[in-house]
$ cat run21.pdb   # PDB, C-alpha atoms, pLDDT in the B column
ATOM      1  CA  LYS K  16     -25.528 -23.855  -6.296  1.00 69.00           C
ATOM      2  CA  ALA K  17     -24.485 -21.259  -3.752  1.00 82.00           C
ATOM      3  CA  GLY K  18     -20.955 -19.914  -4.033  1.00 93.00           C
ATOM      4  CA  VAL K  19     -18.264 -19.656  -1.413  1.00 96.00           C
ATOM      5  CA  THR K  20     -19.357 -17.453   1.470  1.00 97.00           C
ATOM      6  CA  GLN K  21     -17.142 -15.640   3.935  1.00 97.00           C
ATOM      7  CA  THR K  22     -18.108 -13.937   7.166  1.00 97.00           C
ATOM      8  CA  PRO K  23     -17.759 -11.283   8.270  1.00 97.00           C
ATOM      9  CA  ARG K  24     -17.149  -9.192   5.169  1.00 96.00           C
ATOM     10  CA  TYR K  25     -15.509  -6.336   7.044  1.00 97.00           C
ATOM     11  CA  LEU K  26     -13.760  -6.247  10.388  1.00 97.00           C
ATOM     12  CA  ILE K  27     -11.910  -3.627  12.387  1.00 98.00           C
ATOM     13  CA  LYS K  28      -9.699  -4.787  15.230  1.00 98.00           C
ATOM     14  CA  THR K  29      -7.090  -3.272  17.520  1.00 98.00           C
ATOM     15  CA  ARG K  30      -3.459  -4.363  17.748  1.00 98.00           C
ATOM     16  CA  GLY K  31      -3.034  -7.255  20.153  1.00 98.00           C
ATOM     17  CA  GLN K  32      -6.556  -8.595  19.723  1.00 98.00           C
ATOM     18  CA  GLN K  33      -7.402 -11.850  18.015  1.00 98.00           C
ATOM     19  CA  VAL K  34      -9.821 -12.515  15.171  1.00 98.00           C
ATOM     20  CA  THR K  35     -11.655 -15.494  13.671  1.00 98.00           C
ATOM     21  CA  LEU K  36     -12.783 -15.565  10.063  1.00 98.00           C
ATOM     22  CA  SER K  37     -15.209 -18.081   8.629  1.00 98.00           C
ATOM     23  CA  CYS K  38     -15.548 -19.692   5.223  1.00 98.00           C
ATOM     24  CA  SER K  39     -18.323 -21.928   3.910  1.00 98.00           C
ATOM     25  CA  PRO K  40     -17.317 -23.784   0.740  1.00 96.00           C
ATOM     26  CA  ILE K  41     -19.503 -24.688  -2.192  1.00 94.00           C
ATOM     27  CA  SER K  42     -21.656 -27.683  -1.342  1.00 93.00           C
ATOM     28  CA  GLY K  43     -19.741 -30.884  -2.043  1.00 90.00           C
ATOM     29  CA  HIS K  44     -16.308 -29.247  -2.039  1.00 91.00           C
ATOM     30  CA  ARG K  45     -13.969 -30.798   0.498  1.00 90.00           C
ATOM     31  CA  SER K  46     -10.880 -28.649  -0.001  1.00 91.00           C
ATOM     32  CA  VAL K  47     -10.617 -25.132   1.425  1.00 94.00           C
ATOM     33  CA  SER K  48      -7.655 -22.792   1.007  1.00 94.00           C
ATOM     34  CA  TRP K  49      -6.924 -19.438   2.601  1.00 96.00           C
ATOM     35  CA  TYR K  50      -4.987 -16.523   1.148  1.00 95.00           C
ATOM     36  CA  GLN K  51      -3.869 -13.113   2.353  1.00 96.00           C
ATOM     37  CA  GLN K  52      -3.834 -10.281  -0.161  1.00 95.00           C
ATOM     38  CA  THR K  53      -2.073  -6.967   0.409  1.00 93.00           C
ATOM     39  CA  PRO K  54      -1.050  -4.250  -2.051  1.00 87.00           C
ATOM     40  CA  GLY K  55       2.626  -4.793  -1.282  1.00 84.00           C
ATOM     41  CA  GLN K  56       2.836  -8.590  -1.185  1.00 87.00           C
ATOM     42  CA  GLY K  57       0.037  -9.616  -3.510  1.00 87.00           C
ATOM     43  CA  LEU K  58      -1.704 -12.938  -2.953  1.00 91.00           C
ATOM     44  CA  GLN K  59       0.035 -15.136  -0.415  1.00 92.00           C
ATOM     45  CA  PHE K  60      -0.998 -18.671   0.425  1.00 92.00           C
ATOM     46  CA  LEU K  61      -1.805 -19.324   4.087  1.00 95.00           C
ATOM     47  CA  PHE K  62      -2.975 -22.938   4.292  1.00 91.00           C
ATOM     48  CA  GLU K  63      -5.142 -25.576   2.694  1.00 92.00           C
ATOM     49  CA  TYR K  64      -7.428 -28.065   4.383  1.00 93.00           C
ATOM     50  CA  PHE K  65      -8.911 -31.252   3.069  1.00 90.00           C
ATOM     51  CA  SER K  66     -11.169 -33.529   5.096  1.00 89.00           C
ATOM     52  CA  GLU K  67     -10.325 -31.684   8.318  1.00 93.00           C
ATOM     53  CA  THR K  68      -6.572 -32.127   7.776  1.00 93.00           C
ATOM     54  CA  GLN K  69      -4.109 -29.382   6.909  1.00 92.00           C
ATOM     55  CA  ARG K  70      -2.607 -30.430   3.603  1.00 88.00           C
ATOM     56  CA  ASN K  71      -0.358 -27.469   2.802  1.00 87.00           C
ATOM     57  CA  LYS K  72       0.935 -24.508   4.745  1.00 91.00           C
ATOM     58  CA  GLY K  73       2.436 -21.206   3.642  1.00 92.00           C
ATOM     59  CA  ASN K  74       5.207 -19.189   5.268  1.00 92.00           C
ATOM     60  CA  PHE K  75       3.289 -17.360   7.938  1.00 96.00           C
ATOM     61  CA  PRO K  76       4.030 -17.134  11.675  1.00 96.00           C
ATOM     62  CA  GLY K  77       2.293 -19.386  14.151  1.00 96.00           C
ATOM     63  CA  ARG K  78      -0.127 -16.563  15.020  1.00 97.00           C
ATOM     64  CA  PHE K  79      -2.035 -17.673  11.936  1.00 98.00           C
ATOM     65  CA  SER K  80      -3.944 -20.899  12.376  1.00 97.00           C
ATOM     66  CA  GLY K  81      -6.908 -22.617  10.859  1.00 97.00           C
ATOM     67  CA  ARG K  82      -9.148 -25.594  11.047  1.00 97.00           C
ATOM     68  CA  GLN K  83     -11.785 -27.383   9.051  1.00 97.00           C
ATOM     69  CA  PHE K  84     -14.943 -28.981  10.364  1.00 96.00           C
ATOM     70  CA  SER K  85     -16.608 -32.198   9.312  1.00 95.00           C
ATOM     71  CA  ASN K  86     -19.057 -30.247   7.113  1.00 94.00           C
ATOM     72  CA  SER K  87     -16.031 -28.727   5.279  1.00 94.00           C
ATOM     73  CA  ARG K  88     -16.604 -25.263   6.714  1.00 97.00           C
ATOM     74  CA  SER K  89     -13.334 -23.658   7.712  1.00 97.00           C
ATOM     75  CA  GLU K  90     -12.155 -21.007  10.102  1.00 98.00           C
ATOM     76  CA  MET K  91      -8.903 -19.148  10.344  1.00 98.00           C
ATOM     77  CA  ASN K  92      -7.677 -17.402  13.454  1.00 98.00           C
ATOM     78  CA  VAL K  93      -5.100 -14.693  13.853  1.00 98.00           C
ATOM     79  CA  SER K  94      -3.878 -14.020  17.379  1.00 96.00           C
ATOM     80  CA  THR K  95      -2.029 -10.966  18.703  1.00 97.00           C
ATOM     81  CA  LEU K  96      -2.918  -8.854  15.694  1.00 98.00           C
ATOM     82  CA  GLU K  97      -0.318  -6.547  14.184  1.00 97.00           C
ATOM     83  CA  LEU K  98      -0.828  -3.547  11.916  1.00 97.00           C
ATOM     84  CA  GLY K  99       0.702  -5.550   9.059  1.00 96.00           C
ATOM     85  CA  ASP K 100      -2.102  -8.089   9.283  1.00 97.00           C
ATOM     86  CA  SER K 101      -4.462  -5.583   7.663  1.00 97.00           C
ATOM     87  CA  ALA K 102      -5.426  -7.254   4.414  1.00 97.00           C
ATOM     88  CA  LEU K 103      -8.106  -8.891   2.337  1.00 96.00           C
ATOM     89  CA  TYR K 104      -8.406 -12.518   3.413  1.00 97.00           C
ATOM     90  CA  LEU K 105      -9.690 -14.793   0.707  1.00 96.00           C
ATOM     91  CA  CYS K 106     -11.020 -18.293   0.959  1.00 96.00           C
ATOM     92  CA  ALA K 107     -11.292 -20.704  -1.953  1.00 94.00           C
ATOM     93  CA  SER K 108     -12.921 -24.110  -2.239  1.00 94.00           C
ATOM     94  CA  SER K 109     -12.186 -26.898  -4.659  1.00 89.00           C
ATOM     95  CA  PRO K 110     -13.897 -30.170  -5.567  1.00 83.00           C
ATOM     96  CA  TYR K 111     -10.854 -32.238  -4.732  1.00 70.00           C
ATOM     97  CA  GLY K 112     -10.501 -35.129  -7.119  1.00 57.00           C
ATOM     98  CA  GLN K 113     -13.051 -33.752  -9.569  1.00 51.00           C
ATOM     99  CA  GLY K 114     -13.098 -30.954 -12.112  1.00 51.00           C
ATOM    100  CA  GLY K 115      -9.356 -30.699 -12.222  1.00 59.00           C
ATOM    101  CA  TYR K 116      -9.102 -29.075  -8.802  1.00 77.00           C
ATOM    102  CA  GLU K 117     -10.495 -25.768 -10.064  1.00 84.00           C
ATOM    103  CA  GLN K 118     -10.560 -23.146  -7.306  1.00 89.00           C
ATOM    104  CA  TYR K 119     -13.608 -21.007  -6.559  1.00 93.00           C
ATOM    105  CA  PHE K 120     -13.110 -17.910  -4.434  1.00 94.00           C
ATOM    106  CA  GLY K 121     -15.329 -16.155  -1.950  1.00 96.00           C
ATOM    107  CA  PRO K 122     -15.731 -12.356  -1.751  1.00 95.00           C
ATOM    108  CA  GLY K 123     -13.172 -12.027   1.026  1.00 96.00           C
ATOM    109  CA  THR K 124     -13.032 -10.526   4.489  1.00 97.00           C
ATOM    110  CA  ARG K 125     -11.461  -7.080   4.719  1.00 97.00           C
ATOM    111  CA  LEU K 126      -9.556  -6.889   8.023  1.00 98.00           C
ATOM    112  CA  THR K 127      -8.302  -3.551   9.266  1.00 97.00           C
ATOM    113  CA  VAL K 128      -6.021  -3.485  12.307  1.00 98.00           C
ATOM    114  CA  THR K 129      -5.657  -0.117  14.086  1.00 97.00           C
TER     115      THR K 129
ATOM    116  CA  LYS F  22      11.077 -23.787  -6.795  1.00 85.00           C
ATOM    117  CA  GLN F  23       8.189 -22.788  -9.031  1.00 90.00           C
ATOM    118  CA  GLU F  24       7.852 -19.058  -9.750  1.00 93.00           C
ATOM    119  CA  VAL F  25       5.078 -17.393 -11.729  1.00 96.00           C
ATOM    120  CA  THR F  26       5.574 -14.065 -13.483  1.00 96.00           C
ATOM    121  CA  GLN F  27       3.139 -11.796 -15.249  1.00 97.00           C
ATOM    122  CA  ILE F  28       4.384  -9.011 -17.478  1.00 93.00           C
ATOM    123  CA  PRO F  29       3.382  -6.229 -17.918  1.00 93.00           C
ATOM    124  CA  ALA F  30       2.096  -5.219 -14.501  1.00 94.00           C
ATOM    125  CA  ALA F  31      -0.348  -2.799 -16.106  1.00 96.00           C
ATOM    126  CA  LEU F  32      -1.823  -2.377 -19.564  1.00 96.00           C
ATOM    127  CA  SER F  33      -4.157   0.224 -21.058  1.00 97.00           C
ATOM    128  CA  VAL F  34      -5.778  -0.249 -24.466  1.00 96.00           C
ATOM    129  CA  PRO F  35      -8.687   1.337 -26.352  1.00 96.00           C
ATOM    130  CA  GLU F  36     -12.009  -0.440 -26.490  1.00 97.00           C
ATOM    131  CA  GLY F  37     -12.440  -2.962 -29.281  1.00 97.00           C
ATOM    132  CA  GLU F  38      -8.830  -4.125 -29.446  1.00 96.00           C
ATOM    133  CA  ASN F  39      -7.802  -7.754 -29.203  1.00 97.00           C
ATOM    134  CA  LEU F  40      -5.147  -8.246 -26.545  1.00 96.00           C
ATOM    135  CA  VAL F  41      -2.907 -10.865 -25.009  1.00 97.00           C
ATOM    136  CA  LEU F  42      -1.902 -11.211 -21.381  1.00 97.00           C
ATOM    137  CA  ASN F  43       1.187 -13.234 -20.540  1.00 97.00           C
ATOM    138  CA  CYS F  44       2.049 -15.636 -17.758  1.00 98.00           C
ATOM    139  CA  SER F  45       5.348 -17.459 -17.426  1.00 98.00           C
ATOM    140  CA  PHE F  46       6.429 -20.162 -14.987  1.00 97.00           C
ATOM    141  CA  THR F  47       9.861 -21.573 -14.241  1.00 96.00           C
ATOM    142  CA  ASP F  48       9.111 -25.306 -13.855  1.00 92.00           C
ATOM    143  CA  SER F  49       7.321 -27.037 -16.719  1.00 91.00           C
ATOM    144  CA  ALA F  50       6.095 -29.859 -14.471  1.00 91.00           C
ATOM    145  CA  ILE F  51       2.673 -28.478 -13.624  1.00 92.00           C
ATOM    146  CA  TYR F  52      -0.671 -30.103 -12.872  1.00 91.00           C
ATOM    147  CA  ASN F  53      -2.846 -27.260 -14.127  1.00 92.00           C
ATOM    148  CA  LEU F  54      -2.965 -23.511 -14.696  1.00 95.00           C
ATOM    149  CA  GLN F  55      -5.903 -21.258 -13.904  1.00 95.00           C
ATOM    150  CA  TRP F  56      -6.709 -17.702 -14.998  1.00 97.00           C
ATOM    151  CA  PHE F  57      -8.694 -15.391 -12.744  1.00 97.00           C
ATOM    152  CA  ARG F  58      -9.968 -11.843 -12.843  1.00 97.00           C
ATOM    153  CA  GLN F  59     -10.282  -9.637  -9.803  1.00 96.00           C
ATOM    154  CA  ASP F  60     -12.241  -6.419  -9.563  1.00 94.00           C
ATOM    155  CA  PRO F  61     -11.019  -3.859  -7.011  1.00 89.00           C
ATOM    156  CA  GLY F  62     -11.682  -4.972  -3.438  1.00 84.00           C
ATOM    157  CA  LYS F  63     -13.431  -8.148  -4.581  1.00 87.00           C
ATOM    158  CA  GLY F  64     -12.695 -11.840  -4.622  1.00 90.00           C
ATOM    159  CA  LEU F  65     -11.304 -13.717  -7.592  1.00 94.00           C
ATOM    160  CA  THR F  66     -13.491 -14.994 -10.428  1.00 95.00           C
ATOM    161  CA  SER F  67     -12.293 -18.087 -12.248  1.00 94.00           C
ATOM    162  CA  LEU F  68     -12.049 -17.563 -15.992  1.00 96.00           C
ATOM    163  CA  LEU F  69     -10.393 -20.651 -17.428  1.00 96.00           C
ATOM    164  CA  LEU F  70      -8.666 -23.770 -16.149  1.00 94.00           C
ATOM    165  CA  ILE F  71      -6.173 -25.593 -18.350  1.00 94.00           C
ATOM    166  CA  GLN F  72      -5.091 -29.095 -17.394  1.00 92.00           C
ATOM    167  CA  SER F  73      -1.514 -30.193 -17.971  1.00 92.00           C
ATOM    168  CA  SER F  74      -2.574 -32.366 -20.904  1.00 92.00           C
ATOM    169  CA  GLN F  75      -4.458 -29.553 -22.650  1.00 94.00           C
ATOM    170  CA  ARG F  76      -3.135 -26.889 -25.014  1.00 95.00           C
ATOM    171  CA  GLU F  77      -5.968 -24.379 -24.756  1.00 96.00           C
ATOM    172  CA  GLN F  78      -9.383 -23.557 -23.356  1.00 96.00           C
ATOM    173  CA  THR F  79     -12.005 -21.157 -24.631  1.00 97.00           C
ATOM    174  CA  SER F  80     -14.912 -19.351 -23.017  1.00 96.00           C
ATOM    175  CA  GLY F  81     -16.748 -16.695 -24.996  1.00 97.00           C
ATOM    176  CA  ARG F  82     -14.296 -13.947 -25.958  1.00 97.00           C
ATOM    177  CA  LEU F  83     -11.534 -15.521 -23.874  1.00 98.00           C
ATOM    178  CA  ASN F  84      -8.981 -18.054 -25.005  1.00 98.00           C
ATOM    179  CA  ALA F  85      -6.173 -19.363 -22.837  1.00 97.00           C
ATOM    180  CA  SER F  86      -3.264 -21.357 -24.177  1.00 97.00           C
ATOM    181  CA  LEU F  87      -0.624 -23.414 -22.426  1.00 97.00           C
ATOM    182  CA  ASP F  88       2.881 -24.279 -23.611  1.00 96.00           C
ATOM    183  CA  LYS F  89       4.560 -26.246 -20.862  1.00 94.00           C
ATOM    184  CA  SER F  90       7.828 -26.724 -22.722  1.00 93.00           C
ATOM    185  CA  SER F  91       8.401 -22.981 -22.855  1.00 95.00           C
ATOM    186  CA  GLY F  92       6.808 -22.304 -19.472  1.00 96.00           C
ATOM    187  CA  ARG F  93       4.200 -19.934 -20.865  1.00 97.00           C
ATOM    188  CA  SER F  94       0.491 -19.339 -20.898  1.00 98.00           C
ATOM    189  CA  THR F  95      -1.377 -16.570 -22.664  1.00 98.00           C
ATOM    190  CA  LEU F  96      -4.871 -15.197 -22.144  1.00 98.00           C
ATOM    191  CA  TYR F  97      -6.347 -13.779 -25.321  1.00 98.00           C
ATOM    192  CA  ILE F  98      -9.244 -11.339 -25.007  1.00 98.00           C
ATOM    193  CA  ALA F  99     -11.108 -10.557 -28.201  1.00 98.00           C
ATOM    194  CA  ALA F 100     -12.944  -7.314 -28.886  1.00 97.00           C
ATOM    195  CA  SER F 101     -12.151  -5.808 -25.485  1.00 97.00           C
ATOM    196  CA  GLN F 102     -14.840  -3.853 -23.602  1.00 97.00           C
ATOM    197  CA  PRO F 103     -14.648  -1.384 -20.693  1.00 96.00           C
ATOM    198  CA  GLY F 104     -16.205  -4.091 -18.501  1.00 96.00           C
ATOM    199  CA  ASP F 105     -13.073  -6.185 -19.036  1.00 97.00           C
ATOM    200  CA  SER F 106     -11.132  -3.690 -16.922  1.00 97.00           C
ATOM    201  CA  ALA F 107      -9.799  -5.628 -13.928  1.00 97.00           C
ATOM    202  CA  THR F 108      -6.675  -7.317 -12.649  1.00 97.00           C
ATOM    203  CA  TYR F 109      -5.970 -10.650 -14.305  1.00 98.00           C
ATOM    204  CA  LEU F 110      -4.030 -13.284 -12.371  1.00 97.00           C
ATOM    205  CA  CYS F 111      -2.671 -16.621 -13.423  1.00 97.00           C
ATOM    206  CA  ALA F 112      -2.042 -19.411 -10.946  1.00 95.00           C
ATOM    207  CA  VAL F 113      -0.088 -22.631 -11.317  1.00 94.00           C
ATOM    208  CA  ARG F 114      -0.727 -25.836  -9.376  1.00 90.00           C
ATOM    209  CA  PRO F 115       2.549 -27.832  -9.518  1.00 88.00           C
ATOM    210  CA  GLY F 116       0.984 -31.129  -8.416  1.00 82.00           C
ATOM    211  CA  SER F 117      -2.478 -32.416  -7.562  1.00 74.00           C
ATOM    212  CA  ALA F 118      -1.803 -32.017  -3.838  1.00 74.00           C
ATOM    213  CA  SER F 119       0.409 -28.933  -4.108  1.00 80.00           C
ATOM    214  CA  LYS F 120      -0.408 -25.422  -3.085  1.00 83.00           C
ATOM    215  CA  ILE F 121      -1.239 -22.995  -5.864  1.00 88.00           C
ATOM    216  CA  ILE F 122       1.298 -20.335  -6.821  1.00 91.00           C
ATOM    217  CA  PHE F 123      -0.029 -17.012  -8.097  1.00 93.00           C
ATOM    218  CA  GLY F 124       1.533 -14.453 -10.370  1.00 94.00           C
ATOM    219  CA  SER F 125       1.417 -10.818  -9.315  1.00 93.00           C
ATOM    220  CA  GLY F 126      -1.219  -9.986 -11.930  1.00 95.00           C
ATOM    221  CA  THR F 127      -1.716  -7.626 -14.847  1.00 97.00           C
ATOM    222  CA  ARG F 128      -3.951  -4.617 -14.212  1.00 97.00           C
ATOM    223  CA  LEU F 129      -5.926  -4.097 -17.421  1.00 97.00           C
ATOM    224  CA  SER F 130      -7.709  -0.868 -18.286  1.00 97.00           C
ATOM    225  CA  ILE F 131      -9.924  -0.618 -21.361  1.00 97.00           C
ATOM    226  CA  ARG F 132     -10.466   2.976 -22.504  1.00 95.00           C
ATOM    227  CA  PRO F 133     -13.919   3.761 -23.964  1.00 91.00           C
TER     228      PRO F 133
END

$ encode --input "run21.pdb" --output "structure tokens"
Amino acid sequence: KAGVTQTPRYLIKTRGQQVTLSCSPISGHRSVSWYQQTPGQGLQFLFEYFSETQRNKGNFPGRFSGRQFSNSRSEMNVSTLELGDSALYLCASSPYGQGGYEQYFGPGTRLTVT
Amino acid sequence: KQEVTQIPAALSVPEGENLVLNCSFTDSAIYNLQWFRQDPGKGLTSLLLIQSSQREQTSGRLNASLDKSSGRSTLYIAASQPGDSATYLCAVRPGSASKIIFGSGTRLSIRP
């Protein structure tokens, strides 16, 4: 079974621009979560989607948004990029209701804002 | 509010040693606890998942234990190898529909 895939793997953007990151979960997984990882703040939870509905949300400004499609693929969008948004963005999928909700992570998207 | 702590932040040991990584959490009411490893610049790899009703899980040279009453989990690594060098993170899910809370990790270095 293919793992969690994230595209693109690397991205360089300029302050003020917006960016969209994509995550394809493991086949059959209906829950997708997003995390931001920085050296200073560690892993911070952004949001979780299940069956196209946002189930949980972290403490991030409204510039960060996401959505999930009917095939469970998810996207997250960051508008009006700031230098502090430079980070590794990780996506994880989970077989909600099965397997104890174990999370499986993708390789991440490295976003650099200049 | 659930908080997850991992001490020490970094650990260096010679190859071949058995070692224990610690994870503590403030609220004993958890749904499950998961251990991950992360190599530099990479995503997280799931190592072990312990359900609330379980006391331990084993996979190869790894053994994770859970003591909810004391708010602690340990990851035991037997016969450590240089390839075990990575950052190890524990994560607690308070409820089945709750967001996961991560510890800050322990950066492990195994010296050849």

$ closest_atom_pairs --input "run21.pdb" --of "chain K" --to "chain F" --cutoff "10 Å" --atoms "all atoms listed in the file" --output "tab-separated table"
residue	atom	partner	partner_atom	distance
K:Ser48	CA	F:Lys120	CA	8.7
K:Gln56	CA	F:Ser125	CA	8.5
K:Gly57	CA	F:Ser125	CA	6.1
K:Leu58	CA	F:Phe123	CA	6.8
K:Gln59	CA	F:Phe123	CA	7.9
K:Phe60	CA	F:Lys120	CA	7.6
K:Leu61	CA	F:Lys120	CA	9.5
K:Phe62	CA	F:Lys120	CA	8.2
K:Glu63	CA	F:Lys120	CA	7.5
K:Phe65	CA	F:Ala118	CA	9.9
K:Arg70	CA	F:Ala118	CA	7.7
K:Asn71	CA	F:Lys120	CA	6.2
K:Lys72	CA	F:Lys120	CA	8.0
K:Gly73	CA	F:Lys120	CA	8.4
K:Leu103	CA	F:Gly62	CA	7.8
K:Tyr104	CA	F:Gly64	CA	9.1
K:Leu105	CA	F:Gly64	CA	6.8
K:Cys106	CA	F:Gly64	CA	8.7
K:Ala107	CA	F:Leu65	CA	9.0
K:Tyr111	CA	F:Ser117	CA	8.8
K:Gly112	CA	F:Ser117	CA	8.5
K:Gly114	CA	F:Leu70	CA	9.4
K:Gly115	CA	F:Gln72	CA	6.9
K:Tyr116	CA	F:Ser117	CA	7.5
K:Glu117	CA	F:Leu70	CA	6.7
K:Gln118	CA	F:Ser67	CA	7.3
K:Tyr119	CA	F:Ser67	CA	6.5
K:Phe120	CA	F:Leu65	CA	5.6
K:Gly121	CA	F:Gly64	CA	5.7
K:Pro122	CA	F:Gly64	CA	4.2
K:Gly123	CA	F:Gly64	CA	5.7
K:Thr124	CA	F:Gly64	CA	9.2
K:Arg125	CA	F:Gly62	CA	8.4

$ atom_distance --input "run21.pdb" --atom1 "CA of Thr68 in chain K" --atom2 "CA of Gly43 in chain K"
16.5 Å

$ resolve_selection --input "run21.pdb" --expression "the PyMOL selection byres ((chain F and resi 96) around 7)" --output "count of residues only"
11

$ atom_distance --input "run21.pdb" --atom1 "CA of Asp105 in chain F" --atom2 "CA of Glu36 in chain F"
9.5 Å

$ residues_near_point --input "run21.pdb" --point "(-13.4, -25.2, -2.4)" --cutoff "7 Å" --atoms "all atoms listed in the file" --output "VMD selection string"
chain K and resid 40 to 41 44 to 47 107 to 110 118 to 119

$ residues_around --input "run21.pdb" --residues "Ser101 in chain K" --least-positions-apart "3" --cutoff "12 Å" --atoms "only C-alpha atoms" --output "PyMOL selection string"
chain K and resi 25-30+34+51-56+93+96-98+104+124-129

$ decode --input "run21.pdb" --residues "range 56-115 of chain F" --atoms "C-alpha atoms" --output "short mmCIF file (atom, residue, chain, number, x, y, z; two decimals), in the first residue's frame"
data_model
loop_
_atom_site.label_atom_id
_atom_site.label_comp_id
_atom_site.auth_asym_id
_atom_site.auth_seq_id
_atom_site.Cartn_x
_atom_site.Cartn_y
_atom_site.Cartn_z
CA TRP F 56 6.12 6.84 19.59
CA PHE F 57 7.74 8.17 16.43
CA ARG F 58 11.24 8.65 15.10
CA GLN F 59 12.25 11.49 12.84
CA ASP F 60 15.42 11.70 10.80
CA PRO F 61 16.72 15.20 10.01
CA GLY F 62 14.52 17.01 7.49
CA LYS F 63 12.23 14.00 7.09
CA GLY F 64 8.73 13.05 8.08
CA LEU F 65 7.84 11.01 11.13
CA THR F 66 7.96 7.21 11.18
CA SER F 67 5.58 5.46 13.53
CA LEU F 68 7.34 3.06 15.87
CA LEU F 69 4.76 1.85 18.36
CA LEU F 70 1.18 2.65 19.31
CA ILE F 71 -0.08 1.83 22.79
CA GLN F 72 -3.81 1.88 23.46
CA SER F 73 -5.13 3.13 26.78
CA SER F 74 -5.96 -0.41 27.88
CA GLN F 75 -2.47 -1.75 27.11
CA ARG F 76 0.64 -1.73 29.29
CA GLU F 77 3.27 -2.27 26.60
CA GLN F 78 4.02 -2.93 22.96
CA THR F 79 7.05 -4.51 21.36
CA SER F 80 8.56 -4.36 17.89
CA GLY F 81 11.98 -5.90 17.31
CA ARG F 82 14.51 -4.17 19.57
CA LEU F 83 11.94 -1.63 20.72
CA ASN F 84 9.63 -1.89 23.69
CA ALA F 85 7.26 0.84 24.80
CA SER F 86 5.48 0.82 28.12
CA LEU F 87 2.59 2.88 29.42
CA ASP F 88 1.72 3.74 33.02
CA LYS F 89 -1.31 5.99 32.95
CA SER F 90 -1.55 6.36 36.71
CA SER F 91 1.88 7.96 36.87
CA GLY F 92 1.53 9.75 33.53
CA ARG F 93 4.58 8.09 32.02
CA SER F 94 5.67 6.13 29.00
CA THR F 95 9.11 4.77 28.26
CA LEU F 96 10.69 3.62 25.01
CA TYR F 97 13.33 0.97 25.55
CA ILE F 98 15.88 0.40 22.79
CA ALA F 99 17.99 -2.72 23.10
CA ALA F 100 21.49 -3.10 21.70
CA SER F 101 21.58 0.39 20.18
CA GLN F 102 23.10 0.91 16.71
CA PRO F 103 24.34 4.04 14.90
CA GLY F 104 21.28 3.74 12.64
CA ASP F 105 19.09 4.41 15.68
CA SER F 106 20.38 7.98 15.74
CA ALA F 107 17.35 10.23 15.24
CA THR F 108 14.89 12.36 17.17
CA TYR F 109 12.29 10.34 19.05
CA LEU F 110 8.90 11.92 19.74
CA CYS F 111 5.99 10.72 21.79
CA ALA F 112 2.45 11.87 21.12
CA VAL F 113 -0.67 11.56 23.23
CA ARG F 114 -4.23 11.43 21.91
CA PRO F 115 -6.49 12.50 24.82
#
